[in-house]
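> I'd like to ask some things about the structure below.
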Amino acid sequence: SSGSVVNASLITGLNLPNGIAAWDGYVYVANQSGNSVGKYTSSGQAVDTSFITGLTSPTQLAVADGSLLVMNQLLNGHIGKYNLSTGAAVNTSFITLQDSAPCSMAVSGTNLFVAAASWKHGAYDNGFVVNYSTIDGGYLGDVIPTLPIRNGGSYFFFGLAATDQSLYVGNGLSNYVSEYSSTGTLVNEKLIDNIYSPFNIMASGSTLYIQQAYSSIGQYTTSGQTVNASLISGVGNIQNFTVVPVPEPSTCVMALAGLGFTGYSMFRRRKRA
């Protein structure tokens with residue numbers, strides 16, 4: 001895999017871009033400081049730069065049940081559900097996390113897994129993963145009731161990815177990624193070790209892409225083997241990314257969001273023959 005640049009300035013002029021999703025030829029980007037989501041073509045042309053407005057620090061996007069899910073990352077944060085075509089609100093408080101702050105979310109079928117940190121006695125004291133229905137937002141149960149968190153309550157990210165059978169969790173304070181079953185049973189605590197602050201994880205087939213701190217993305221198999229620990233590097237402050245299949249044999253592109261540049265960059269991943 002090359003990780004070569006396709007377009008280093010695919011979408012520009014954004015306001016703290018910190019979330020990205022792609023669907024049916026369109027790219028949706030969350031402007032955290034602008035409290036909005038814009039809609040663009042996959043070639044970077046603006047469809048509606050104010051596609052969704054009135055948000056509260058939006059940081060992650062996901063597509064599920066034919067809708068766009070928007071995570072608002074604050075204490076008592078909520079996930080809203082919006083129409084993918086028009087941006088109209090389906091339910092602005094589709095899911096609300098009481099006394100906790102959402103960190104990451106991952107979709108698998110009709111399951112929406114959310115990693116969050118709870119707030120007690122003036123500090124964040126516990127991380128956890130909970131499962132909701134993508135259809136009606138209904139609570140489906142606590143999947144991982146306890147994740148380690150630094151004493152004293154510093155807030156940080158949990159990277160989270162989901163497949164049909166597994167959950168992959170990266171603790172922002174640790175240097176490894178753990179594998180759990182989709183029901184929360186620990187499979188391998190250190191599936192992938194020696195990764196500096198794995199803040200974000202994306203699963204694509206049998207491949208995991210893992211953001212290391214803010215500066216690079218590595219490629220691994222879901223069984224824990226390293227493919228390329230520095231698939232993409234030297235791109236500044238990465239905040240989020242997504243993997244998008246394209247109609248070329250064995251090819252996909254990866255779009256990155258970050259503070260180190262004004263918008264989104266696109267990189268190509270081509271499998272070896």
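The chains in the structure tokens are called A, B, ... from first to last as shown; in each chain the residues are counted from 1, and the ligands are counted from 1 in the order shown.
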Check the DSSP output for the backbone and give back, as a ChimeraX atom specification, the residues of region 93-179 of chain A in strand (DSSP E or B).
/A:93-96,100-108,111-120,123-133,139-147,158-162,166-171,176-179
> Next, write the just-selected residues to a file, as a JSON list (two decimals), in the first residue's frame, keeping C-alpha atoms as the atom set.

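The resulting out.json:
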```
[["chain", "number", "residue", "atom", "x", "y", "z"],
["A", 93, "SER", "CA", -31.50, 14.39, 20.04],
["A", 94, "PHE", "CA", -31.64, 10.92, 18.55],
["A", 95, "ILE", "CA", -29.36, 9.70, 21.35],
["A", 96, "THR", "CA", -28.45, 11.65, 24.50],
["A", 100, "SER", "CA", -21.11, 11.72, 30.08],
["A", 101, "ALA", "CA", -19.34, 12.90, 26.95],
["A", 102, "PRO", "CA", -19.25, 10.87, 23.70],
["A", 103, "CYS", "CA", -15.79, 10.23, 22.27],
["A", 104, "SER", "CA", -16.27, 7.98, 19.25],
["A", 105, "MET", "CA", -18.97, 6.04, 17.44],
["A", 106, "ALA", "CA", -18.99, 3.09, 15.06],
["A", 107, "VAL", "CA", -21.78, 1.48, 13.03],
["A", 108, "SER", "CA", -22.25, -2.21, 12.33],
["A", 111, "ASN", "CA", -26.01, -1.30, 15.84],
["A", 112, "LEU", "CA", -24.48, 2.03, 16.81],
["A", 113, "PHE", "CA", -21.65, 1.62, 19.30],
["A", 114, "VAL", "CA", -20.66, 4.72, 21.24],
["A", 115, "ALA", "CA", -17.53, 5.13, 23.36],
["A", 116, "ALA", "CA", -17.91, 7.76, 26.07],
["A", 117, "ALA", "CA", -16.50, 9.02, 29.36],
["A", 118, "SER", "CA", -18.75, 9.47, 32.38],
["A", 119, "TRP", "CA", -18.63, 12.53, 34.63],
["A", 120, "LYS", "CA", -18.84, 12.22, 38.43],
["A", 123, "ALA", "CA", -14.15, 14.74, 36.88],
["A", 124, "TYR", "CA", -14.32, 12.09, 34.18],
["A", 125, "ASP", "CA", -14.00, 8.84, 36.09],
["A", 126, "ASN", "CA", -14.80, 5.96, 33.73],
["A", 127, "GLY", "CA", -14.87, 5.10, 30.06],
["A", 128, "PHE", "CA", -17.41, 2.74, 28.54],
["A", 129, "VAL", "CA", -18.99, 1.51, 25.30],
["A", 130, "VAL", "CA", -22.76, 1.31, 24.90],
["A", 131, "ASN", "CA", -24.94, 0.00, 22.06],
["A", 132, "TYR", "CA", -27.95, 1.77, 20.49],
["A", 133, "SER", "CA", -30.28, 0.99, 17.61],
["A", 139, "TYR", "CA", -30.78, 1.58, 24.15],
["A", 140, "LEU", "CA", -29.54, -1.97, 23.49],
["A", 141, "GLY", "CA", -27.24, -2.35, 26.47],
["A", 142, "ASP", "CA", -23.82, -1.64, 27.93],
["A", 143, "VAL", "CA", -21.27, -3.55, 25.85],
["A", 144, "ILE", "CA", -18.05, -2.66, 27.65],
["A", 145, "PRO", "CA", -18.94, -1.24, 31.09],
["A", 146, "THR", "CA", -15.46, -0.10, 32.10],
["A", 147, "LEU", "CA", -12.49, 1.26, 30.18],
["A", 158, "PHE", "CA", -11.29, 6.34, 22.79],
["A", 159, "GLY", "CA", -10.79, 5.14, 19.23],
["A", 160, "LEU", "CA", -13.58, 2.74, 18.21],
["A", 161, "ALA", "CA", -14.27, 0.55, 15.16],
["A", 162, "ALA", "CA", -16.82, -2.19, 14.60],
["A", 166, "SER", "CA", -15.78, -7.56, 16.75],
["A", 167, "LEU", "CA", -15.14, -4.21, 18.37],
["A", 168, "TYR", "CA", -11.72, -2.58, 18.30],
["A", 169, "VAL", "CA", -10.98, -0.05, 21.04],
["A", 170, "GLY", "CA", -7.95, 2.21, 21.33],
["A", 171, "ASN", "CA", -7.43, 4.03, 24.61],
["A", 176, "TYR", "CA", -2.33, -0.51, 22.23],
["A", 177, "VAL", "CA", -5.62, -1.49, 20.59],
["A", 178, "SER", "CA", -7.88, -4.12, 22.20],
["A", 179, "GLU", "CA", -10.27, -6.50, 20.49]]
```
> With distances taken over only C-alpha atoms, which of A:Leu74, A:Ala21, A:Ser50, A:Leu173 is nearest to Asp99 (chain A)?
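Looking at the shortest contact to Asp99 (chain A), the residue is A:Leu74.
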> Which residue gives the smallest distance to Phe199 (chain A) among A:Ser67, A:Asn240, A:Thr183, A:Gln165, with only C-alpha atoms counted?
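Ranking A:Ser67, A:Asn240, A:Thr183, A:Gln165 by distance to Phe199 (chain A), first place goes to A:Asn240.
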> Can you tell me, as a ChimeraX atom specification, what residues are no more than 12 Å from Ala229 (chain A) when counting only C-alpha atoms, ignoring any on the same chain fewer than 4 positions away?
/A:1-3,192-196,208-212,216-221,224-225,233
> Work out how far apart CA of Ala88 (chain A) and CA of Thr59 (chain A) are and give it in Å to one decimal.
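CA of Thr59 (chain A) lies 18.8 Å from CA of Ala88 (chain A).
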> Residues at most 7 Å from Ser42 (chain A), counting only C-alpha atoms, excluding those fewer than 6 positions away in the same chain, as a ChimeraX atom specification?
/A:25-27
> How many Å separate CA of Asn72 (chain A) from CA of Asn31 (chain A)?
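One can read the CA of Asn72 (chain A) to CA of Asn31 (chain A) distance as 11.1 Å.
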> Kindly give the distance, in Å, that separates CA of Lys190 (chain A) and CA of Thr242 (chain A), rounded to a single decimal.
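One can read the CA of Lys190 (chain A) to CA of Thr242 (chain A) distance as 23.5 Å.
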